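What follows is data-v5.csv (CSV, C-alpha atoms).
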```csv
chain,number,residue,atom,x,y,z
A,1,MET,CA,0.0,0.0,0.0
A,2,LYS,CA,1.3,3.5,-0.9
A,3,ILE,CA,0.0,6.5,1.0
A,4,GLU,CA,0.7,10.0,-0.2
A,5,VAL,CA,0.2,13.1,1.9
A,6,LEU,CA,-0.3,16.1,-0.5
A,7,GLY,CA,0.5,19.6,0.7
A,8,SER,CA,3.0,22.3,0.1
A,9,GLY,CA,4.5,22.3,3.6
A,10,CYS,CA,1.7,23.9,5.6
A,11,ALA,CA,1.3,23.1,9.3
A,12,LYS,CA,-1.8,21.0,8.8
A,13,CYS,CA,0.0,19.0,6.1
A,14,MET,CA,2.7,18.0,8.7
A,15,GLN,CA,0.0,17.1,11.2
A,16,LEU,CA,-1.7,14.9,8.7
A,17,TYR,CA,1.5,13.1,7.9
A,18,GLY,CA,1.9,12.4,11.6
A,19,ASN,CA,-1.7,11.2,11.9
A,20,VAL,CA,-1.2,8.8,9.0
A,21,ASN,CA,1.7,7.2,10.8
A,22,LYS,CA,-0.4,7.0,14.0
A,23,ALA,CA,-3.3,5.4,12.0
A,24,LEU,CA,-1.0,2.8,10.6
A,25,ALA,CA,0.2,2.0,14.1
A,26,LEU,CA,-3.4,1.8,15.4
A,27,ALA,CA,-4.3,-0.6,12.6
A,28,GLY,CA,-1.1,-2.6,12.9
A,29,LYS,CA,-0.4,-2.1,9.2
A,30,GLU,CA,2.6,-1.2,7.2
A,31,ALA,CA,2.7,1.1,4.2
A,32,GLU,CA,4.9,3.4,2.3
A,33,VAL,CA,4.1,7.0,3.4
A,34,VAL,CA,5.4,9.9,1.4
A,35,LYS,CA,5.0,13.6,1.5
A,36,VAL,CA,4.2,15.2,-1.9
A,37,GLN,CA,5.1,18.8,-1.8
A,38,ASP,CA,5.6,20.1,-5.3
A,39,ILE,CA,2.7,21.9,-6.9
A,40,PRO,CA,2.7,20.0,-10.2
A,41,SER,CA,2.5,16.6,-8.5
A,42,ILE,CA,-0.3,17.8,-6.3
A,43,MET,CA,-2.2,19.2,-9.2
A,44,LYS,CA,-1.9,15.9,-11.1
A,45,TYR,CA,-4.4,14.5,-8.6
A,46,GLY,CA,-6.8,17.4,-9.3
A,47,VAL,CA,-6.7,18.4,-5.7
A,48,MET,CA,-7.3,22.1,-5.0
A,49,SER,CA,-7.2,22.4,-1.3
A,50,THR,CA,-4.5,20.9,0.9
A,51,PRO,CA,-3.8,18.8,2.9
A,52,ALA,CA,-5.1,15.9,0.9
A,53,LEU,CA,-4.7,12.1,1.3
A,54,VAL,CA,-4.0,9.7,-1.6
A,55,ILE,CA,-4.1,6.0,-1.0
A,56,ASP,CA,-2.9,3.8,-3.9
A,57,GLY,CA,-3.4,6.6,-6.4
A,58,LYS,CA,-6.9,7.5,-5.2
A,59,VAL,CA,-7.8,10.8,-3.6
A,60,LYS,CA,-9.5,9.9,-0.3
A,61,PHE,CA,-10.2,13.5,0.9
A,62,SER,CA,-8.8,17.0,0.5
A,63,GLY,CA,-8.8,20.2,2.4
A,64,LYS,CA,-9.1,18.8,5.9
A,65,LEU,CA,-7.0,17.4,8.7
A,66,ALA,CA,-8.3,13.9,9.5
A,67,SER,CA,-7.8,12.3,12.9
A,68,PRO,CA,-5.8,9.0,13.1
A,69,GLU,CA,-9.1,7.1,13.7
A,70,GLU,CA,-10.7,8.6,10.6
A,71,ILE,CA,-7.7,7.7,8.5
A,72,ARG,CA,-7.7,4.2,10.0
A,73,GLY,CA,-11.1,3.7,8.6
A,74,LEU,CA,-9.8,4.5,5.1
A,75,LEU,CA,-6.8,2.1,5.2
B,1,MET,CA,-32.3,38.9,21.3
B,2,PHE,CA,-29.4,39.2,23.6
B,3,SER,CA,-31.2,41.0,26.5
B,4,PHE,CA,-30.3,38.1,28.8
B,5,LEU,CA,-26.7,38.9,28.3
B,6,GLU,CA,-27.4,42.6,29.2
B,7,ILE,CA,-29.0,41.4,32.4
B,8,PHE,CA,-26.0,39.1,33.1
B,9,ALA,CA,-23.5,41.8,32.5
B,10,ASP,CA,-25.5,44.1,34.8
B,11,LEU,CA,-25.5,41.4,37.4
B,12,ILE,CA,-21.8,41.1,37.5
B,13,VAL,CA,-20.8,44.7,37.1
B,14,VAL,CA,-23.5,46.4,39.2
B,15,HIS,CA,-24.6,43.9,41.7
B,16,TRP,CA,-21.4,41.8,42.4
B,17,LEU,CA,-18.7,44.4,41.8
B,18,GLY,CA,-20.8,47.3,42.9
B,19,LEU,CA,-19.7,49.5,40.0
B,20,SER,CA,-21.9,52.0,38.3
B,21,ILE,CA,-22.2,51.7,34.5
B,22,GLU,CA,-21.7,55.5,34.3
B,23,THR,CA,-18.1,55.2,35.6
B,24,HIS,CA,-15.2,54.6,33.2
B,25,LEU,CA,-14.3,51.2,34.7
B,26,GLY,CA,-17.9,50.0,35.0
B,27,GLY,CA,-18.8,51.1,31.5
B,28,ALA,CA,-15.7,49.4,30.0
B,29,LEU,CA,-16.2,46.2,32.0
B,30,HIS,CA,-19.9,46.0,31.1
B,31,PHE,CA,-19.1,46.5,27.5
B,32,PHE,CA,-16.4,43.8,27.6
B,33,ILE,CA,-18.6,41.1,29.3
B,34,TYR,CA,-21.6,41.7,27.2
B,35,ASP,CA,-19.8,41.8,23.9
B,36,THR,CA,-17.5,38.9,24.5
B,37,LEU,CA,-20.4,36.6,25.3
B,38,LYS,CA,-22.5,37.8,22.5
B,39,ILE,CA,-19.8,37.5,19.9
B,40,PHE,CA,-18.8,34.0,21.0
B,41,ILE,CA,-22.4,32.8,20.9
B,42,LEU,CA,-22.8,34.2,17.4
B,43,LEU,CA,-19.5,32.8,16.3
B,44,SER,CA,-20.1,29.3,17.4
B,45,VAL,CA,-23.6,29.0,16.0
B,46,ILE,CA,-22.9,30.7,12.6
B,47,ILE,CA,-19.5,29.2,11.9
B,48,PHE,CA,-21.1,25.8,12.4
B,49,ALA,CA,-24.0,26.6,10.1
B,50,VAL,CA,-21.7,28.0,7.4
B,51,ALA,CA,-19.4,24.9,7.6
B,52,ILE,CA,-22.4,22.7,7.0
B,53,ILE,CA,-23.4,24.7,3.9
B,54,ARG,CA,-19.8,24.6,2.8
B,55,SER,CA,-19.6,20.9,2.8
B,56,TRP,CA,-21.7,21.0,-0.4
B,57,PHE,CA,-19.2,23.3,-2.1
B,58,PRO,CA,-15.7,21.8,-2.3
B,59,PRO,CA,-13.5,23.9,-4.5
B,60,GLU,CA,-13.4,21.1,-7.0
B,61,ARG,CA,-17.1,21.5,-7.6
B,62,THR,CA,-16.9,25.3,-7.7
B,63,LYS,CA,-14.2,25.0,-10.3
B,64,ARG,CA,-16.4,22.7,-12.5
B,65,ILE,CA,-19.3,25.2,-12.2
B,66,LEU,CA,-17.2,28.2,-13.1
B,67,SER,CA,-15.3,26.6,-16.0
B,68,HIS,CA,-18.5,26.8,-18.0
B,69,GLU,CA,-19.1,30.5,-17.3
B,70,ARG,CA,-17.9,33.6,-19.2
B,71,GLU,CA,-17.4,37.3,-18.3
B,72,TYR,CA,-20.2,39.0,-16.3
B,73,VAL,CA,-22.3,36.0,-15.4
B,74,GLY,CA,-19.0,34.2,-14.5
B,75,ASN,CA,-17.8,37.1,-12.3
B,76,VAL,CA,-21.1,37.2,-10.5
B,77,MET,CA,-21.2,33.4,-10.0
B,78,ALA,CA,-17.5,33.5,-8.8
B,79,ALA,CA,-18.1,36.2,-6.3
B,80,LEU,CA,-21.2,34.3,-4.9
B,81,LEU,CA,-19.4,31.0,-4.8
B,82,GLY,CA,-16.5,32.6,-3.1
B,83,VAL,CA,-18.7,33.1,-0.1
B,84,VAL,CA,-19.7,29.4,0.3
B,85,THR,CA,-16.5,27.7,-0.9
B,86,PRO,CA,-14.1,27.0,1.9
B,87,PHE,CA,-10.9,28.9,1.3
B,88,CYS,CA,-7.7,29.4,3.1
B,89,SER,CA,-4.9,31.5,1.7
B,90,CYS,CA,-2.6,28.5,2.2
B,91,SER,CA,-4.4,26.7,-0.6
B,92,ALA,CA,-4.5,29.8,-2.9
B,93,VAL,CA,-1.8,28.3,-5.2
B,94,PRO,CA,-3.5,25.0,-6.1
B,95,LEU,CA,-6.8,26.7,-6.2
B,96,PHE,CA,-5.6,29.3,-8.7
B,97,ILE,CA,-3.9,26.7,-10.9
B,98,GLY,CA,-6.9,24.5,-10.8
B,99,PHE,CA,-9.2,27.3,-11.9
B,100,VAL,CA,-7.2,28.7,-14.8
B,101,GLU,CA,-6.2,25.3,-16.0
B,102,SER,CA,-9.8,24.1,-16.2
B,103,GLY,CA,-10.6,27.2,-18.3
B,104,VAL,CA,-12.0,29.6,-15.8
B,105,PRO,CA,-11.2,33.0,-17.2
B,106,LEU,CA,-8.6,35.0,-15.3
B,107,GLY,CA,-11.0,37.8,-14.4
B,108,VAL,CA,-13.5,35.3,-13.1
B,109,THR,CA,-10.8,33.6,-11.0
B,110,PHE,CA,-10.0,37.0,-9.5
B,111,SER,CA,-13.6,37.7,-8.6
B,112,PHE,CA,-13.5,34.4,-6.6
B,113,LEU,CA,-10.1,35.2,-5.0
B,114,ILE,CA,-11.3,38.6,-3.9
B,115,SER,CA,-14.8,37.7,-2.6
B,116,SER,CA,-13.7,34.5,-0.8
B,117,PRO,CA,-11.5,36.0,1.9
B,118,MET,CA,-13.4,39.3,2.1
B,119,VAL,CA,-17.0,38.1,2.5
B,120,ASN,CA,-16.2,35.6,5.2
B,121,GLU,CA,-18.4,34.5,8.1
B,122,VAL,CA,-16.1,35.8,10.9
B,123,ALA,CA,-16.1,39.4,9.6
B,124,LEU,CA,-19.8,39.1,8.9
B,125,ILE,CA,-20.7,37.9,12.5
B,126,LEU,CA,-18.5,40.5,14.1
B,127,LEU,CA,-20.0,43.3,12.0
B,128,TRP,CA,-23.5,42.0,12.7
B,129,GLY,CA,-22.8,41.7,16.4
B,130,MET,CA,-21.1,45.1,16.8
B,131,PHE,CA,-22.7,47.3,14.2
B,132,GLY,CA,-26.1,45.6,13.5
B,133,TRP,CA,-27.4,43.7,10.5
B,134,LYS,CA,-27.8,46.7,8.2
B,135,ILE,CA,-24.0,47.4,8.2
B,136,ALA,CA,-23.3,43.7,7.9
B,137,LEU,CA,-25.6,43.5,4.8
B,138,ILE,CA,-24.0,46.6,3.3
B,139,TYR,CA,-20.6,45.0,3.8
B,140,VAL,CA,-21.7,41.8,2.0
B,141,GLY,CA,-23.4,43.6,-0.8
B,142,THR,CA,-20.5,46.0,-1.5
B,143,GLY,CA,-18.0,43.3,-0.9
B,144,LEU,CA,-19.6,41.2,-3.7
B,145,LEU,CA,-19.8,44.3,-5.9
B,146,VAL,CA,-16.1,45.0,-5.4
B,147,ALA,CA,-15.2,41.4,-6.3
B,148,ILE,CA,-17.4,41.4,-9.4
B,149,VAL,CA,-16.2,44.8,-10.7
B,150,ALA,CA,-12.5,44.3,-9.9
B,151,GLY,CA,-12.7,40.8,-11.5
B,152,ILE,CA,-14.2,42.3,-14.7
B,153,VAL,CA,-11.6,45.1,-14.8
B,154,ILE,CA,-8.7,42.6,-14.4
B,155,GLY,CA,-10.2,40.3,-17.0
B,156,ARG,CA,-10.5,43.2,-19.5
B,157,LEU,CA,-6.8,44.1,-19.0
B,158,LYS,CA,-5.9,40.8,-20.7
B,159,MET,CA,-3.0,40.0,-18.4
B,160,GLU,CA,-2.8,36.3,-19.0
B,161,ARG,CA,0.9,36.6,-20.0
B,162,TYR,CA,1.7,37.8,-16.4
B,163,VAL,CA,0.7,34.5,-14.9
B,164,GLN,CA,3.8,32.5,-14.1
B,165,ASP,CA,4.7,30.4,-17.2
B,166,TYR,CA,4.9,27.1,-15.4
B,167,VAL,CA,1.2,27.4,-14.4
B,168,TRP,CA,0.1,26.9,-18.0
B,169,GLU,CA,2.3,23.7,-18.3
B,170,ILE,CA,0.8,21.9,-15.3
B,171,LYS,CA,-1.5,19.1,-16.2
B,172,VAL,CA,-4.4,19.0,-13.7
B,173,GLY,CA,-5.9,15.6,-13.1
B,174,ASP,CA,-9.5,14.9,-12.5
B,175,SER,CA,-10.5,14.0,-9.0
B,176,GLU,CA,-13.7,12.3,-7.9
B,177,ILE,CA,-14.8,13.9,-4.7
B,178,ALA,CA,-17.0,11.5,-2.9
B,179,GLU,CA,-20.4,12.8,-1.7
B,180,GLN,CA,-20.4,13.3,2.1
B,181,SER,CA,-22.9,11.7,4.5
B,182,TRP,CA,-24.6,13.8,7.1
B,183,PRO,CA,-22.5,12.5,10.0
B,184,GLU,CA,-19.4,13.4,7.9
B,185,ARG,CA,-20.8,16.9,7.3
B,186,PHE,CA,-21.5,17.4,11.1
B,187,ALA,CA,-18.0,16.1,12.0
B,188,TYR,CA,-16.5,18.4,9.4
B,189,ALA,CA,-18.5,21.4,10.7
B,190,ARG,CA,-17.6,20.6,14.3
B,191,ASP,CA,-13.9,20.3,13.6
B,192,TYR,CA,-14.0,23.5,11.5
B,193,THR,CA,-15.8,25.5,14.1
B,194,SER,CA,-13.6,24.4,17.0
B,195,GLY,CA,-10.4,24.8,14.9
B,196,LEU,CA,-11.4,28.3,13.8
B,197,LEU,CA,-12.5,29.4,17.3
B,198,LYS,CA,-9.3,28.2,18.8
B,199,LYS,CA,-7.4,30.2,16.2
B,200,ILE,CA,-9.2,33.5,16.6
B,201,TRP,CA,-10.5,33.7,20.2
B,202,PRO,CA,-7.4,35.5,21.6
B,203,TYR,CA,-7.7,38.2,18.9
B,204,VAL,CA,-11.4,38.6,19.6
B,205,VAL,CA,-10.9,38.9,23.3
B,206,ILE,CA,-8.0,41.3,23.0
B,207,GLY,CA,-9.9,43.3,20.3
B,208,ILE,CA,-13.0,43.6,22.6
B,209,GLY,CA,-10.8,44.5,25.5
B,210,ILE,CA,-9.1,47.3,23.6
B,211,GLY,CA,-12.6,48.4,22.3
B,212,ALA,CA,-13.9,48.4,25.9
B,213,PHE,CA,-11.0,50.5,27.0
B,214,ILE,CA,-11.7,53.0,24.2
B,215,HIS,CA,-15.4,53.0,25.1
B,216,GLY,CA,-14.7,53.8,28.7
B,217,TYR,CA,-11.8,56.1,28.5
B,218,VAL,CA,-11.4,57.9,25.2
B,219,PRO,CA,-13.3,61.2,25.1
B,220,GLN,CA,-16.4,61.4,22.8
B,221,ASP,CA,-15.7,62.9,19.4
B,222,PHE,CA,-12.0,62.4,19.8
B,223,LEU,CA,-11.7,61.0,16.2
B,224,VAL,CA,-14.1,63.3,14.4
B,225,LYS,CA,-11.3,65.5,13.2
B,226,TRP,CA,-9.0,62.7,12.1
B,227,ALA,CA,-11.3,60.0,10.9
B,228,GLY,CA,-14.6,61.8,10.4
B,229,ARG,CA,-16.3,62.1,7.1
B,230,ASP,CA,-14.8,65.6,6.4
B,231,ASN,CA,-11.3,64.4,6.2
B,232,PRO,CA,-10.7,63.2,2.6
B,233,PHE,CA,-7.5,61.4,3.5
B,234,ALA,CA,-9.1,59.1,6.1
B,235,VAL,CA,-10.4,56.5,3.6
B,236,PRO,CA,-7.1,55.9,1.7
B,237,LEU,CA,-5.2,56.0,5.0
B,238,ALA,CA,-7.6,53.4,6.5
B,239,VAL,CA,-7.1,51.1,3.5
B,240,ALA,CA,-3.3,51.4,3.7
B,241,LEU,CA,-3.4,50.6,7.4
B,242,GLY,CA,-5.7,47.6,6.8
B,243,VAL,CA,-3.2,45.7,4.5
B,244,PRO,CA,-0.7,44.5,7.2
B,245,LEU,CA,-3.5,43.7,9.7
B,246,TYR,CA,-4.7,40.5,8.0
B,247,ALA,CA,-4.1,38.0,10.8
B,248,ASN,CA,-6.1,40.1,13.3
B,249,ALA,CA,-9.3,40.5,11.3
B,250,ALA,CA,-11.3,39.1,14.1
B,251,GLY,CA,-9.7,41.5,16.6
B,252,VAL,CA,-10.0,44.5,14.5
B,253,ILE,CA,-13.8,44.9,14.3
B,254,PRO,CA,-14.4,45.5,18.1
B,255,ILE,CA,-11.7,48.1,18.1
B,256,VAL,CA,-13.1,49.8,15.0
B,257,GLN,CA,-16.6,49.7,16.5
B,258,ALA,CA,-15.3,51.6,19.5
B,259,LEU,CA,-13.6,54.1,17.2
B,260,THR,CA,-16.9,54.6,15.4
B,261,ALA,CA,-18.5,55.6,18.6
B,262,LYS,CA,-15.7,58.3,18.9
B,263,GLY,CA,-16.4,59.8,15.6
B,264,MET,CA,-14.8,57.6,12.8
B,265,ALA,CA,-17.1,57.7,9.8
B,266,ILE,CA,-18.9,54.5,8.7
B,267,GLY,CA,-17.6,54.5,5.1
B,268,THR,CA,-14.1,54.7,6.4
B,269,VAL,CA,-14.8,51.7,8.7
B,270,LEU,CA,-16.2,49.7,5.8
B,271,ALA,CA,-13.1,50.5,3.6
B,272,PHE,CA,-10.8,49.6,6.5
B,273,MET,CA,-12.5,46.2,7.1
B,274,MET,CA,-12.4,45.4,3.4
B,275,ALA,CA,-8.7,46.2,3.2
B,276,VAL,CA,-8.0,44.0,6.3
B,277,THR,CA,-9.8,41.0,4.8
B,278,ALA,CA,-9.2,41.3,1.0
B,279,LEU,CA,-5.7,42.7,0.8
B,280,SER,CA,-3.2,40.9,2.9
B,281,LEU,CA,0.6,40.7,2.7
B,282,PRO,CA,0.8,37.0,3.4
B,283,GLU,CA,-1.6,36.3,0.6
B,284,ALA,CA,0.4,38.5,-1.8
B,285,VAL,CA,3.5,36.5,-1.0
B,286,ILE,CA,1.7,33.2,-1.7
B,287,LEU,CA,0.1,34.5,-4.9
B,288,SER,CA,3.5,35.7,-6.1
B,289,ASN,CA,4.1,31.9,-6.8
B,290,VAL,CA,1.6,32.1,-9.6
B,291,LEU,CA,1.4,35.7,-10.6
B,292,LYS,CA,4.2,37.9,-12.0
B,293,LYS,CA,4.7,41.3,-10.4
B,294,PRO,CA,2.7,43.4,-12.8
B,295,LEU,CA,-0.4,41.2,-12.3
B,296,LEU,CA,0.0,41.1,-8.6
B,297,ALA,CA,0.3,44.9,-8.4
B,298,THR,CA,-2.7,45.3,-10.7
B,299,PHE,CA,-4.7,43.0,-8.5
B,300,PHE,CA,-3.9,45.0,-5.4
B,301,GLY,CA,-4.2,48.3,-7.1
B,302,VAL,CA,-7.7,47.6,-8.7
B,303,VAL,CA,-9.1,46.2,-5.4
B,304,ALA,CA,-7.6,49.1,-3.3
B,305,VAL,CA,-9.2,51.7,-5.7
B,306,ALA,CA,-12.5,49.9,-5.6
B,307,ILE,CA,-12.4,49.8,-1.8
B,308,VAL,CA,-11.5,53.5,-1.5
B,309,MET,CA,-14.5,54.3,-3.7
B,310,VAL,CA,-16.8,52.2,-1.5
B,311,GLY,CA,-15.5,54.2,1.5
B,312,TYR,CA,-16.1,57.6,0.0
B,313,LEU,CA,-19.6,56.5,-1.2
B,314,PHE,CA,-20.8,55.4,2.2
B,315,ASN,CA,-19.2,58.5,3.9
B,316,ILE,CA,-21.4,60.5,1.6
B,317,ILE,CA,-24.7,58.6,1.7
B,318,LEU,CA,-24.8,57.3,5.3
```
Once you've parsed the file, please lay out its structure as structure tokens.
Amino acid sequence: MKIEVLGSGCAKCMQLYGNVNKALALAGKEAEVVKVQDIPSIMKYGVMSTPALVIDGKVKFSGKLASPEEIRGLL
Amino acid sequence: MFSFLEIFADLIVVHWLGLSIETHLGGALHFFIYDTLKIFILLSVIIFAVAIIRSWFPPERTKRILSHEREYVGNVMAALLGVVTPFCSCSAVPLFIGFVESGVPLGVTFSFLISSPMVNEVALILLWGMFGWKIALIYVGTGLLVAIVAGIVIGRLKMERYVQDYVWEIKVGDSEIAEQSWPERFAYARDYTSGLLKKIWPYVVIGIGIGAFIHGYVPQDFLVKWAGRDNPFAVPLAVALGVPLYANAAGVIPIVQALTAKGMAIGTVLAFMMAVTALSLPEAVILSNVLKKPLLATFFGVVAVAIVMVGYLFNIIL
């Protein structure tokens, strides 16, 4: 599983990255988690508000900071 | 509507502390207690309601609607959608690129970028709470008008070549935004409301505190000479002062309300508020990632002129 956190370095994007790792720990799963920070790559997903979460190439949500529990439900 | 708060403030100031409302300290304290409670009740309820409405208007959907619109109708639609689409200046770059890449005309994009921060619920609530619904409505109406007219003007100037070149080369993908369920909407609204309140409450309290001090201690008519309607420089000066104050928009209104009571003209107040919300230095820095200097300067210039005109207009008619 590949998880991408989209966001150009804002505070919420950092928090979302942390929450993804917490969610993985909660679920006892392993995944490759990467930060995507350059605008062209973010735009490739058609996302217009950051932070956004992409799992295996699919946009799960954008423009919000989800809690670890919420993210766990998406894994 | 808020008479119970009046009674509550009376109870604390007059009965518990034994102060008269006619004294400086009693008057200031009464004002502080009453206004703080009123504003926070209004903020909690209205931000929550606005967040629920916003859950139907993710920027991706707004973009799809606007990409089919042309000048005039597009500018009006963009200004209106700017009110209901959640927007944070930190997302201004992806938003801007998403808009222009999907064929939203530049002028229409600017109508959105102007109205979205200017006609926001926090400014609206504070204006309503401190100046009454008439002034709040005038603010919304003229705010939309400024966004529409400034967007049309910028569109007419044909400045597409002053958008950073890389913007045109980015390929924007299509994203499917899933429809939210009601529990998700409520959760979003709850988080949005608590997040926003956490961010702005110190500014609001400090703003009301300073306002209360001015109410209690600054002599009546103190500002008539400087910021009254007969001083033609007051409006442009207020706009210039408003630009660096962006982060404190929530704290500015209570102070301005107190200044109004001391003689600042209402058109000047409106112009100042619009400058605080619509023209901000941090947003200019962020937008410089997608706009070359001439376009950025035009954007600020056109909006500033429109706001100054609004200020003069209301100083004359109100």
| said: Using all atoms listed in the file, I'd like every residue of chain B that has an atom within 6 Å of chain A; please write them out as a PyMOL selection string. | reply: chain B and resi 91+94-95+170+172-175
| field | Spatial neighbours of Val76 (chain B), 10 Å, all atoms listed in the file, chain gap at least 2 places, as a PyMOL selection string | value | chain B and resi 69-74+78-82+108+111-112+144-145+147-149+151-152
| How far is it from CA of Pro202 (chain B) to CA of Val252 (chain B), in Å with one decimal? |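 Those two atoms sit 11.8 Å apart.
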| query | What does the distance from CA of Lys292 (chain B) to CA of Val5 (chain A) come to in Å, to one decimal? | reply | 28.7 Å
| Which one of B:Ile41, B:His24, B:Val243, B:Ile33 sits closest to Asp10 (chain B) if you count only C-alpha atoms? |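 Ranked by minimum distance to Asp10 (chain B), first place goes to B:Ile33.
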| query | How would you write as JSON, numbers by chain the residues that get within 10 Å of (-3.3, 43.3, -6.2) in the file's frame, counting all atoms listed in the file? | reply | {"B": [110, 114, 150, 154, 278, 279, 280, 283, 284, 287, 291, 293, 294, 295, 296, 297, 298, 299, 300, 301, 302, 303, 304]}
| task | Kindly provide, as number ranges by chain, the polymer residues lying within 10 Å of (-16.4, 66.8, 15.8), counting all atoms listed in the file and using the coordinates exactly as they appear in the file. | result | B: 220-230, 262-264
| task | Please provide as a ChimeraX atom specification all residues within 12 Å of Ala265 (chain B), with the sequence filter that same-chain residues fewer than 3 positions apart are discarded (counting only C-alpha atoms). | result | /B:221,223-232,234-235,238,256-262,268-272,311-318
| query | Leaving out Arg72 (chain A) and any residue of its chain fewer than 2 positions from it, which residues lie within 9 Å of it when counting only C-alpha atoms, given as a ChimeraX atom specification? | reply | /A:20,22-24,26-27,67-70,74-75
Dump C-alpha atoms for the selected residues as a compact mmCIF listing (two decimals), in the coordinates of the input?
```
# COMPACT_ATOMS: atom_id res chain seq x y z
CA VAL A 20 -1.20 8.80 9.00
CA LYS A 22 -0.40 7.00 14.00
CA ALA A 23 -3.30 5.40 12.00
CA LEU A 24 -1.00 2.80 10.60
CA LEU A 26 -3.40 1.80 15.40
CA ALA A 27 -4.30 -0.60 12.60
CA SER A 67 -7.80 12.30 12.90
CA PRO A 68 -5.80 9.00 13.10
CA GLU A 69 -9.10 7.10 13.70
CA GLU A 70 -10.70 8.60 10.60
CA LEU A 74 -9.80 4.50 5.10
CA LEU A 75 -6.80 2.10 5.20
```
| said: as a PyMOL selection string, please: the residues near Gly143 (chain B) (cut-off 8 Å, only C-alpha atoms, same-chain neighbours under 6 positions excluded). | reply: chain B and resi 115+118-119+274
Output of the above residues as a compact mmCIF listing (two decimals), keeping the file's coordinate frame, restricted to C-alpha atoms:
```
# COMPACT_ATOMS: atom_id res chain seq x y z
CA SER B 115 -14.80 37.70 -2.60
CA MET B 118 -13.40 39.30 2.10
CA VAL B 119 -17.00 38.10 2.50
CA MET B 274 -12.40 45.40 3.40
```
| task | Find the spatial neighbours of Ala212 (chain B), counting all atoms listed in the file, within a cut-off of 10 Å - ignore same-chain residues fewer than 4 positions away - and output them as a list in words. | result |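 These residues fall inside the cut-off: His24, Leu25, Gly27, Ala28, Leu29, His30, Phe31, Phe32, Ile33, Asp35, Ile206, Gly207, Ile208, Gly216, Tyr217, Val218, Pro254, Ile255, Gln257 and Ala258 of chain B.
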